[in-house]
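One file, entry-v2.cif, carrying mmCIF, C-alpha atoms:
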```cif
data_final
loop_
_atom_site.label_atom_id
_atom_site.label_comp_id
_atom_site.auth_asym_id
_atom_site.auth_seq_id
_atom_site.Cartn_x
_atom_site.Cartn_y
_atom_site.Cartn_z
CA MET A 1 49.92 -24.46 95.09
CA THR A 2 49.21 -22.65 91.85
CA PRO A 3 51.48 -19.83 90.65
CA ILE A 4 48.96 -17.31 92.01
CA ASN A 5 49.74 -18.49 95.54
CA ILE A 6 53.47 -18.43 94.86
CA SER A 7 53.24 -14.88 93.58
CA LEU A 8 51.50 -13.80 96.80
CA LEU A 9 54.21 -15.54 98.81
CA LEU A 10 56.87 -13.65 96.85
CA PHE A 11 54.98 -10.40 97.45
CA MET A 12 55.03 -11.00 101.20
CA ILE A 13 58.73 -11.87 101.12
CA GLY A 14 59.47 -8.63 99.28
CA LEU A 15 57.30 -6.65 101.69
CA TYR A 16 59.14 -8.19 104.65
CA GLY A 17 62.40 -7.14 103.03
CA VAL A 18 61.26 -3.54 102.54
CA ILE A 19 59.92 -3.16 106.07
CA SER A 20 62.42 -4.87 108.27
CA LYS A 21 65.87 -4.61 106.75
CA ASN A 22 68.12 -1.76 107.88
CA ASN A 23 70.29 -1.47 104.77
CA LEU A 24 69.08 0.72 101.89
CA ILE A 25 70.26 -1.66 99.16
CA LYS A 26 68.27 -4.51 100.71
CA LYS A 27 65.14 -2.35 100.65
CA ILE A 28 65.64 -1.75 96.94
CA ILE A 29 66.07 -5.48 96.37
CA GLY A 30 62.75 -5.95 98.17
CA LEU A 31 61.10 -3.50 95.76
CA ALA A 32 62.43 -5.47 92.78
CA ILE A 33 61.07 -8.70 94.26
CA ILE A 34 57.63 -7.07 94.65
CA ASN A 35 57.70 -6.02 90.98
CA ALA A 36 58.63 -9.53 89.88
CA SER A 37 55.80 -11.02 91.91
CA VAL A 38 53.25 -8.72 90.27
CA VAL A 39 54.50 -9.75 86.80
CA LEU A 40 54.17 -13.44 87.76
CA PHE A 41 50.65 -12.87 89.07
CA PHE A 42 49.39 -11.28 85.87
CA ILE A 43 50.90 -13.93 83.63
CA ALA A 44 49.56 -16.73 85.83
CA ILE A 45 46.04 -15.34 85.50
CA GLY A 46 46.02 -15.91 81.75
CA TYR A 47 46.64 -19.65 81.86
CA ARG A 48 44.45 -22.17 80.06
CA GLU A 49 44.58 -25.93 80.62
CA GLY A 50 46.78 -27.66 78.04
CA GLY A 51 47.61 -24.43 76.25
CA LEU A 52 50.71 -23.58 74.25
CA ALA A 53 52.55 -20.28 73.93
CA PRO A 54 50.65 -17.83 71.69
CA ILE A 55 52.89 -18.17 68.64
CA MET A 56 51.26 -19.58 65.55
CA SER A 57 52.92 -21.98 63.15
CA ARG A 58 54.57 -20.78 59.95
CA SER A 59 52.45 -22.60 57.42
CA GLU A 60 48.68 -22.58 57.17
CA ALA A 61 48.56 -25.63 59.39
CA VAL A 62 45.25 -27.31 60.03
CA ASP A 63 45.75 -27.84 63.75
CA SER A 64 45.92 -24.10 64.43
CA ALA A 65 42.13 -24.26 64.29
CA ASN A 66 41.60 -26.39 67.40
CA GLN A 67 44.80 -25.84 69.36
CA ILE A 68 44.38 -24.18 72.73
CA PHE A 69 46.54 -21.09 73.26
CA VAL A 70 47.36 -19.24 76.45
CA ASN A 71 45.93 -15.72 76.85
CA PRO A 72 48.34 -13.31 75.13
CA ILE A 73 46.92 -10.06 76.53
CA PRO A 74 48.56 -9.99 80.01
CA GLN A 75 51.91 -10.86 78.46
CA ALA A 76 51.73 -7.72 76.34
CA LEU A 77 50.77 -5.68 79.43
CA MET A 78 53.70 -7.01 81.42
CA LEU A 79 56.27 -5.60 79.00
CA THR A 80 55.25 -2.19 80.25
CA ALA A 81 55.39 -3.39 83.86
CA ILE A 82 58.94 -4.70 83.41
CA VAL A 83 60.07 -1.37 81.95
CA VAL A 84 58.50 0.46 84.91
CA SER A 85 60.36 -1.88 87.29
CA ILE A 86 63.68 -1.15 85.55
CA SER A 87 63.21 2.60 85.71
CA LEU A 88 62.16 2.46 89.39
CA THR A 89 65.27 0.47 90.34
CA ALA A 90 67.53 2.78 88.32
CA VAL A 91 66.30 6.02 89.89
CA ALA A 92 66.29 4.48 93.41
CA LEU A 93 69.89 3.34 93.00
CA ALA A 94 70.92 6.80 91.78
CA LEU A 95 69.38 8.32 94.91
CA VAL A 96 71.21 5.78 97.11
CA VAL A 97 74.54 6.66 95.47
CA LYS A 98 73.95 10.34 96.22
CA ILE A 99 72.91 9.64 99.84
CA TYR A 100 76.04 7.58 100.41
CA SER A 101 78.30 10.25 99.01
CA LYS A 102 76.88 12.85 101.41
CA TYR A 103 76.37 10.92 104.66
CA LYS A 104 78.93 8.09 104.26
CA THR A 105 76.54 5.47 105.68
CA LEU A 106 73.74 3.27 104.36
CA ASP A 107 72.14 2.35 107.66
CA VAL A 108 68.58 3.60 108.07
CA GLN A 109 68.72 3.99 111.86
CA LYS A 110 71.83 6.14 111.62
CA LEU A 111 70.26 8.19 108.83
CA TYR A 112 67.23 8.94 111.04
CA GLU A 113 69.53 10.72 113.48
CA GLU A 114 70.96 13.05 110.83
CA MET B 1 89.91 -7.04 86.59
CA LYS B 2 91.01 -4.22 84.31
CA ASN B 3 94.49 -5.53 83.54
CA SER B 4 93.60 -9.12 82.75
CA ARG B 5 94.63 -10.10 79.27
CA ILE B 6 92.27 -13.05 78.99
CA ILE B 7 89.17 -10.97 79.70
CA ARG B 8 90.25 -8.18 77.36
CA THR B 9 90.89 -10.52 74.45
CA LEU B 10 87.72 -12.51 75.04
CA ALA B 11 85.54 -9.39 75.26
CA GLN B 12 87.03 -8.00 72.08
CA LYS B 13 86.44 -11.23 70.17
CA LEU B 14 82.91 -11.76 71.50
CA LEU B 15 81.61 -8.25 70.87
CA PRO B 16 80.31 -8.63 67.28
CA PHE B 17 78.47 -11.82 68.19
CA ILE B 18 76.61 -10.14 71.02
CA PHE B 19 75.59 -7.31 68.66
CA LEU B 20 74.49 -9.92 66.11
CA PHE B 21 72.40 -11.73 68.68
CA GLY B 22 70.78 -8.48 69.74
CA PHE B 23 69.84 -7.61 66.16
CA TYR B 24 68.60 -11.18 65.60
CA LEU B 25 66.23 -10.86 68.56
CA THR B 26 65.06 -7.48 67.24
CA PHE B 27 64.42 -8.38 63.63
CA HIS B 28 62.74 -11.72 64.35
CA GLY B 29 60.42 -10.11 66.87
CA HIS B 30 57.31 -10.99 64.91
CA LEU B 31 58.23 -14.67 64.40
CA SER B 32 59.50 -15.86 67.77
CA PRO B 33 59.62 -14.44 71.32
CA GLY B 34 61.66 -11.27 71.37
CA GLY B 35 61.17 -7.83 69.95
CA GLY B 36 62.52 -4.35 70.44
CA PHE B 37 62.90 -4.24 74.22
CA GLN B 38 64.71 -7.55 74.53
CA GLY B 39 67.11 -6.84 71.66
CA GLY B 40 67.93 -3.39 72.96
CA VAL B 41 68.88 -4.72 76.38
CA VAL B 42 71.20 -7.33 74.80
CA ILE B 43 72.94 -4.62 72.76
CA ALA B 44 73.43 -2.53 75.91
CA THR B 45 74.96 -5.61 77.56
CA ALA B 46 77.68 -5.61 74.90
CA ILE B 47 78.75 -2.08 75.83
CA ILE B 48 78.64 -2.96 79.54
CA LEU B 49 80.95 -5.93 78.86
CA LEU B 50 83.36 -3.59 77.09
CA THR B 51 83.29 -1.20 80.04
CA LEU B 52 83.96 -3.94 82.57
CA SER B 53 86.96 -5.28 80.69
CA TYR B 54 88.64 -2.15 79.33
CA GLY B 55 87.71 0.62 81.74
CA ILE B 56 85.39 3.58 81.33
CA LYS B 57 87.86 5.95 79.60
CA GLU B 58 88.66 3.63 76.67
CA THR B 59 85.01 2.67 76.16
CA GLU B 60 83.89 6.25 76.16
CA ASN B 61 86.40 7.08 73.42
CA ARG B 62 84.53 4.69 71.16
CA PHE B 63 80.90 5.05 72.28
CA LYS B 64 80.69 8.69 73.19
CA GLU B 65 78.04 9.94 75.58
CA LYS B 66 77.00 12.83 73.36
CA HIS B 67 76.41 10.59 70.33
CA LEU B 68 74.34 8.17 72.39
CA SER B 69 72.09 10.85 73.78
CA VAL B 70 71.46 12.35 70.33
CA LEU B 71 70.71 8.84 68.98
CA GLU B 72 68.20 8.22 71.74
CA LYS B 73 66.27 11.41 71.08
CA LEU B 74 66.33 10.77 67.32
CA ALA B 75 64.88 7.30 67.93
CA ILE B 76 61.84 8.66 69.78
CA LEU B 77 61.28 11.26 67.05
CA ALA B 78 61.59 8.50 64.43
CA PHE B 79 58.85 6.51 66.21
CA ILE B 80 56.52 9.52 66.07
CA PHE B 81 57.49 10.14 62.44
CA LEU B 82 56.67 6.54 61.50
CA GLY B 83 53.29 7.03 63.07
CA LEU B 84 52.69 10.28 61.20
CA LEU B 85 53.69 8.62 57.92
CA GLY B 86 50.37 6.80 57.94
CA ILE B 87 48.49 10.10 58.17
CA PHE B 88 50.15 11.31 54.94
CA PHE B 89 48.66 8.31 53.13
CA GLY B 90 45.19 8.65 54.57
CA TYR B 91 45.27 6.06 57.38
CA PRO B 92 44.94 6.67 61.14
CA PHE B 93 47.95 7.36 63.36
CA LEU B 94 50.20 4.29 63.77
CA LYS B 95 48.19 2.05 61.48
CA ASN B 96 49.95 -0.90 59.83
CA PHE B 97 49.78 0.42 56.27
CA LEU B 98 52.84 -1.24 54.67
CA PRO B 99 52.17 -4.48 52.73
CA LEU B 100 51.62 -7.40 55.07
CA GLY B 101 53.43 -10.12 53.14
CA GLN B 102 53.34 -13.85 53.64
CA ARG B 103 53.05 -15.34 57.10
CA GLY B 104 56.14 -16.93 58.55
CA TYR B 105 58.69 -14.96 56.53
CA VAL B 106 60.93 -12.24 57.92
CA ALA B 107 59.68 -9.72 55.35
CA SER B 108 56.14 -9.59 56.70
CA ALA B 109 54.00 -7.65 59.16
CA GLY B 110 54.31 -4.17 57.68
CA LEU B 111 55.19 -1.45 60.13
CA MET B 112 56.34 -3.81 62.91
CA ILE B 113 59.93 -4.22 61.67
CA PRO B 114 60.86 -0.50 61.60
CA LEU B 115 59.12 -0.03 64.95
CA ASN B 116 61.11 -2.90 66.49
CA PHE B 117 64.35 -1.45 65.16
CA VAL B 118 63.64 2.04 66.48
CA ILE B 119 62.63 0.71 69.90
CA SER B 120 65.81 -1.40 70.18
CA ILE B 121 68.03 1.60 69.42
CA LYS B 122 66.18 3.68 72.00
CA VAL B 123 66.41 1.04 74.73
CA ALA B 124 70.10 0.35 74.05
CA ALA B 125 71.03 4.03 74.16
CA GLY B 126 68.94 4.58 77.28
CA MET B 127 70.41 1.68 79.24
CA THR B 128 73.93 2.68 78.25
CA GLY B 129 73.24 6.27 79.29
CA ILE B 130 72.04 5.12 82.74
CA PHE B 131 75.12 2.91 83.09
CA TYR B 132 77.52 5.72 82.13
CA ALA B 133 75.89 8.10 84.60
CA LEU B 134 76.23 5.57 87.44
CA VAL B 135 79.86 4.72 86.64
CA LYS B 136 81.18 8.23 86.03
CA TYR B 137 79.95 9.67 89.35
CA ARG B 138 82.89 10.72 91.45
CA GLY B 139 81.39 11.80 94.75
CA GLU B 140 80.60 15.44 94.11
CA ILE B 141 77.56 16.66 96.00
CA MET C 1 57.45 -4.29 119.56
CA LYS C 2 59.00 -5.43 116.31
CA LYS C 3 57.72 -9.00 116.73
CA TYR C 4 54.15 -7.60 116.72
CA TYR C 5 54.59 -6.39 113.12
CA TYR C 6 55.87 -9.76 111.96
CA ILE C 7 52.96 -11.70 113.42
CA VAL C 8 50.44 -9.38 111.74
CA LEU C 9 52.32 -9.80 108.42
CA LEU C 10 52.26 -13.59 108.80
CA ILE C 11 48.51 -13.63 109.50
CA ILE C 12 47.79 -11.43 106.47
CA MET C 13 49.96 -13.70 104.33
CA THR C 14 48.18 -16.92 105.31
CA ILE C 15 44.75 -15.33 104.82
CA LEU C 16 45.67 -14.09 101.34
CA ILE C 17 47.30 -17.32 100.23
CA ILE C 18 44.44 -19.55 101.42
CA GLY C 19 41.85 -17.16 100.05
CA SER C 20 43.33 -17.14 96.57
CA ILE C 21 42.77 -20.81 95.82
CA SER C 22 40.09 -20.60 93.17
CA PRO C 23 38.64 -23.23 90.83
CA GLU C 24 38.92 -20.77 87.95
CA TYR C 25 42.67 -21.08 87.59
CA GLY C 26 42.91 -22.86 84.25
CA ASN C 27 39.49 -22.03 82.77
CA PRO C 28 38.78 -18.31 82.45
CA ARG C 29 35.19 -17.28 82.37
CA ASN C 30 35.10 -14.54 79.74
CA MET C 31 36.77 -15.60 76.50
CA ASP C 32 35.42 -13.15 73.92
CA TYR C 33 38.44 -10.85 73.68
CA ILE C 34 40.91 -13.73 73.68
CA ASN C 35 39.04 -15.49 70.87
CA TYR C 36 39.14 -12.37 68.70
CA TYR C 37 42.91 -12.00 69.04
CA LEU C 38 43.53 -15.72 68.48
CA GLU C 39 41.38 -15.92 65.34
CA HIS C 40 42.00 -12.64 63.56
CA GLY C 41 45.46 -11.74 64.85
CA VAL C 42 47.50 -13.28 62.06
CA GLN C 43 45.33 -12.12 59.18
CA ASP C 44 45.00 -8.55 60.45
CA THR C 45 48.67 -7.93 61.10
CA GLY C 46 50.63 -10.62 59.26
CA ALA C 47 52.78 -11.50 62.28
CA ILE C 48 52.89 -14.96 63.83
CA ASN C 49 53.85 -13.72 67.30
CA LEU C 50 50.49 -12.72 68.77
CA VAL C 51 52.03 -10.87 71.74
CA ALA C 52 54.04 -8.69 69.32
CA SER C 53 50.91 -8.07 67.25
CA ILE C 54 49.13 -6.84 70.38
CA TYR C 55 51.75 -4.41 71.61
CA LEU C 56 52.94 -3.21 68.18
CA ASP C 57 49.80 -3.12 66.08
CA TYR C 58 46.59 -3.14 68.09
CA ARG C 59 48.02 -1.04 70.93
CA ALA C 60 51.04 0.71 69.44
CA TYR C 61 50.14 3.97 71.20
CA ASP C 62 50.94 2.42 74.59
CA THR C 63 54.37 1.38 73.34
CA LEU C 64 55.06 4.98 72.32
CA ILE C 65 54.29 6.21 75.85
CA GLU C 66 56.39 3.29 77.16
CA THR C 67 59.49 4.61 75.45
CA VAL C 68 58.79 8.03 76.95
CA VAL C 69 58.71 6.38 80.42
CA LEU C 70 62.17 4.93 79.80
CA PHE C 71 63.34 8.33 78.58
CA MET C 72 62.15 9.89 81.84
CA ALA C 73 64.18 7.31 83.78
CA VAL C 74 67.32 8.36 81.87
CA ILE C 75 66.53 12.03 82.54
CA GLY C 76 66.07 11.29 86.26
CA VAL C 77 69.32 9.39 86.66
CA THR C 78 71.34 11.91 84.63
CA PHE C 79 69.94 14.85 86.57
CA ILE C 80 70.51 13.30 90.02
CA LEU C 81 74.09 12.29 89.29
CA SER C 82 75.18 15.43 87.47
CA LYS C 83 77.96 17.77 88.50
CA GLY C 84 76.06 20.93 89.46
CA LYS C 85 78.09 23.89 88.36
#
```
Please go through the file and, once you have read it, give me the structure as structure tokens.
Amino acid sequence: MTPINISLLLFMIGLYGVISKNNLIKKIIGLAIINASVVLFFIAIGYREGGLAPIMSRSEAVDSANQIFVNPIPQALMLTAIVVSISLTAVALALVVKIYSKYKTLDVQKLYEE
Amino acid sequence: MKNSRIIRTLAQKLLPFIFLFGFYLTFHGHLSPGGGFQGGVVIATAIILLTLSYGIKETENRFKEKHLSVLEKLAILAFIFLGLLGIFFGYPFLKNFLPLGQRGYVASAGLMIPLNFVISIKVAAGMTGIFYALVKYRGEI
Amino acid sequence: MKKYYYIVLLIIMTILIIGSISPEYGNPRNMDYINYYLEHGVQDTGAINLVASIYLDYRAYDTLIETVVLFMAVIGVTFILSKGK
């Protein structure tokens, strides 16, 4: 059960939440779970056996030459993905606030009848 | 929660330490995990703590919305200006042209420190602007 | 009718999870780009944090567009929740 499998499990849990819940806030929570699972997937891809975090030591140490480091490239990509997740959740919540102030309900089945 | 004396006193005493921690994460971004985005979010958390304990009217008297929006736009323009500064000296756009320094010290890595600072100000002002917009909405359609 | 959707979702989930067990989990195949950043990262940029040297020196242009994405989020929220006069 590597973290790649766990990230797919989280993706399916988030997808179940988006599809089958009737409350709008629970759908947005499902979207945030999907974003978190994608971040975990990318970081789990760049793993190397017995590797440390990609931060070098302060002095010109000798063992920086044959120390195994984890891949730092997907970690730099995921900063952008986290910012995209924040902005998606913020705009979705603003839309939900406006929907509630007009229709006074958050239930999707009742909103379909409007 | 607004009229609790314990939370008001504690928030007022803790505020400079949260700012200090945010700036520590920002300025040591090239030595340990951290950087501009993480420090900016911590600084925005300080203003959110102030809003939760004192109310939105008092907090907005001290951190005005107009000042924050001007600061955010100035931060993006400062990022572009720092990139154009390299062109005036003959290097490509956004090249690390300041002296690199010694590894492991805070005063190293050239253009990364001003970039981290500018990004943290932008992220803090942006998060606080989103928070103000969500709190001040009063149900008008 | 709703139980039909859940069974399809469960079948897709088991297929994806079982199909993603790969022997390449800890040993990536192509290591050329990673070796360049690990060897020359500190001496090119002077920063110990290699992740910061990637997103602030080698690819600083993407970080500039990143801040514009956050700016668009602030514009979106402020416009949606504004008092239209």
Requested in this report: Report the residues retrieved by the PyMOL selection byres ((chain A) within 8 of (chain B)) from the displayed file, expressed as a PyMOL selection string.
Outcome: chain A and resi 55+57-59+90+94+98+101-102
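Closest to C:Tyr37 among A:Ile73, A:Leu52, A:Ala32, A:Ile43 is A:Ile73, based on all atoms listed in the file.
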Requested in this report: List the neighbours of B:Lys136 out to 10 Å using all atoms listed in the file; skip same-chain residues closer than 6 positions along the sequence, and give me the result as JSON, numbers by chain.
Outcome: {"B": [56, 57], "C": [81, 82]}
Restricted to C-alpha atoms, what would the selected residues look like written as a short mmCIF file (atom, residue, chain, number, x, y, z; two decimals), keeping the file's coordinate frame?
```
data_model
loop_
_atom_site.label_atom_id
_atom_site.label_comp_id
_atom_site.auth_asym_id
_atom_site.auth_seq_id
_atom_site.Cartn_x
_atom_site.Cartn_y
_atom_site.Cartn_z
CA ILE B 56 85.39 3.58 81.33
CA LYS B 57 87.86 5.95 79.60
CA LEU C 81 74.09 12.29 89.29
CA SER C 82 75.18 15.43 87.47
#
```
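We find atom CA of B:Thr45 and atom CA of A:Ala44 to be spaced 28.9 Å apart.
What the PyMOL selection byres ((chain C and resi 61-73) around 8) matches in the given file is Thr80, Val83, Val84, Ser87, Leu88, Ala90 and Val91 of chain A; Ile76, Phe79, Ile80, Leu94, Ile119, Lys122, Val123 and Gly126 of chain B; Tyr55, Leu56, Arg59, Ala60, Val74, Ile75, Gly76 and Val77 of chain C.
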Deliver the residues from the most recent selection as a file, using C-alpha atoms, as a tab-separated table (two decimals), keeping the file's coordinate frame.
```tsv
chain	number	residue	atom	x	y	z
A	80	THR	CA	55.25	-2.19	80.25
A	83	VAL	CA	60.07	-1.37	81.95
A	84	VAL	CA	58.50	0.46	84.91
A	87	SER	CA	63.21	2.60	85.71
A	88	LEU	CA	62.16	2.46	89.39
A	90	ALA	CA	67.53	2.78	88.32
A	91	VAL	CA	66.30	6.02	89.89
B	76	ILE	CA	61.84	8.66	69.78
B	79	PHE	CA	58.85	6.51	66.21
B	80	ILE	CA	56.52	9.52	66.07
B	94	LEU	CA	50.20	4.29	63.77
B	119	ILE	CA	62.63	0.71	69.90
B	122	LYS	CA	66.18	3.68	72.00
B	123	VAL	CA	66.41	1.04	74.73
B	126	GLY	CA	68.94	4.58	77.28
C	55	TYR	CA	51.75	-4.41	71.61
C	56	LEU	CA	52.94	-3.21	68.18
C	59	ARG	CA	48.02	-1.04	70.93
C	60	ALA	CA	51.04	0.71	69.44
C	74	VAL	CA	67.32	8.36	81.87
C	75	ILE	CA	66.53	12.03	82.54
C	76	GLY	CA	66.07	11.29	86.26
C	77	VAL	CA	69.32	9.39	86.66
```
Report task. Find the residues around B:Glu65 up to 10 Å (all atoms listed in the file counted), leave out those fewer than 4 positions away in its own chain, and share them as number ranges by chain. Result -> B: 60-61, 69-71, 125, 128-129, 132-133
Query raised in the report: Expanded to explicit residues, what is the PyMOL selection byres ((chain C and resi 5-17) around 9) for this file, as a PyMOL selection string?
Result: (chain A and resi 4-6+8-9+12+15-16+20) or (chain C and resi 1-4+18-21)
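Residues from chain C found within 6 Å of chain B are C:Thr45, C:Gly46, C:Ala47, C:Ile48, C:Asn49, C:Ala52, C:Val74, C:Thr78, counting only C-alpha atoms.
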Kindly complete stretch 24-36 of chain A to N, CA and C atoms; the output should be written as a tab-separated table (two decimals), keeping the file's coordinate frame.
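The file below, out_35.tsv, is the result:
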```tsv
chain	number	residue	atom	x	y	z
A	24	LEU	N	69.89	0.15	102.97
A	24	LEU	CA	69.08	0.72	101.89
A	24	LEU	C	69.07	-0.16	100.65
A	25	ILE	N	70.20	-0.82	100.37
A	25	ILE	CA	70.26	-1.66	99.16
A	25	ILE	C	69.32	-2.85	99.32
A	26	LYS	N	69.18	-3.37	100.53
A	26	LYS	CA	68.27	-4.51	100.71
A	26	LYS	C	66.83	-4.08	100.56
A	27	LYS	N	66.52	-2.83	100.90
A	27	LYS	CA	65.14	-2.35	100.65
A	27	LYS	C	64.87	-2.26	99.17
A	28	ILE	N	65.87	-1.86	98.39
A	28	ILE	CA	65.64	-1.75	96.94
A	28	ILE	C	65.49	-3.13	96.33
A	29	ILE	N	66.24	-4.11	96.86
A	29	ILE	CA	66.07	-5.48	96.37
A	29	ILE	C	64.66	-5.97	96.68
A	30	GLY	N	64.12	-5.59	97.85
A	30	GLY	CA	62.75	-5.95	98.17
A	30	GLY	C	61.75	-5.37	97.20
A	31	LEU	N	61.97	-4.12	96.76
A	31	LEU	CA	61.10	-3.50	95.76
A	31	LEU	C	61.14	-4.27	94.45
A	32	ALA	N	62.33	-4.73	94.04
A	32	ALA	CA	62.43	-5.47	92.78
A	32	ALA	C	61.72	-6.82	92.89
A	33	ILE	N	61.77	-7.43	94.08
A	33	ILE	CA	61.07	-8.70	94.26
A	33	ILE	C	59.56	-8.49	94.19
A	34	ILE	N	59.07	-7.35	94.73
A	34	ILE	CA	57.63	-7.07	94.65
A	34	ILE	C	57.20	-6.90	93.20
A	35	ASN	N	58.04	-6.19	92.39
A	35	ASN	CA	57.70	-6.02	90.98
A	35	ASN	C	57.65	-7.35	90.26
A	36	ALA	N	58.61	-8.23	90.55
A	36	ALA	CA	58.63	-9.53	89.88
A	36	ALA	C	57.41	-10.36	90.26
```
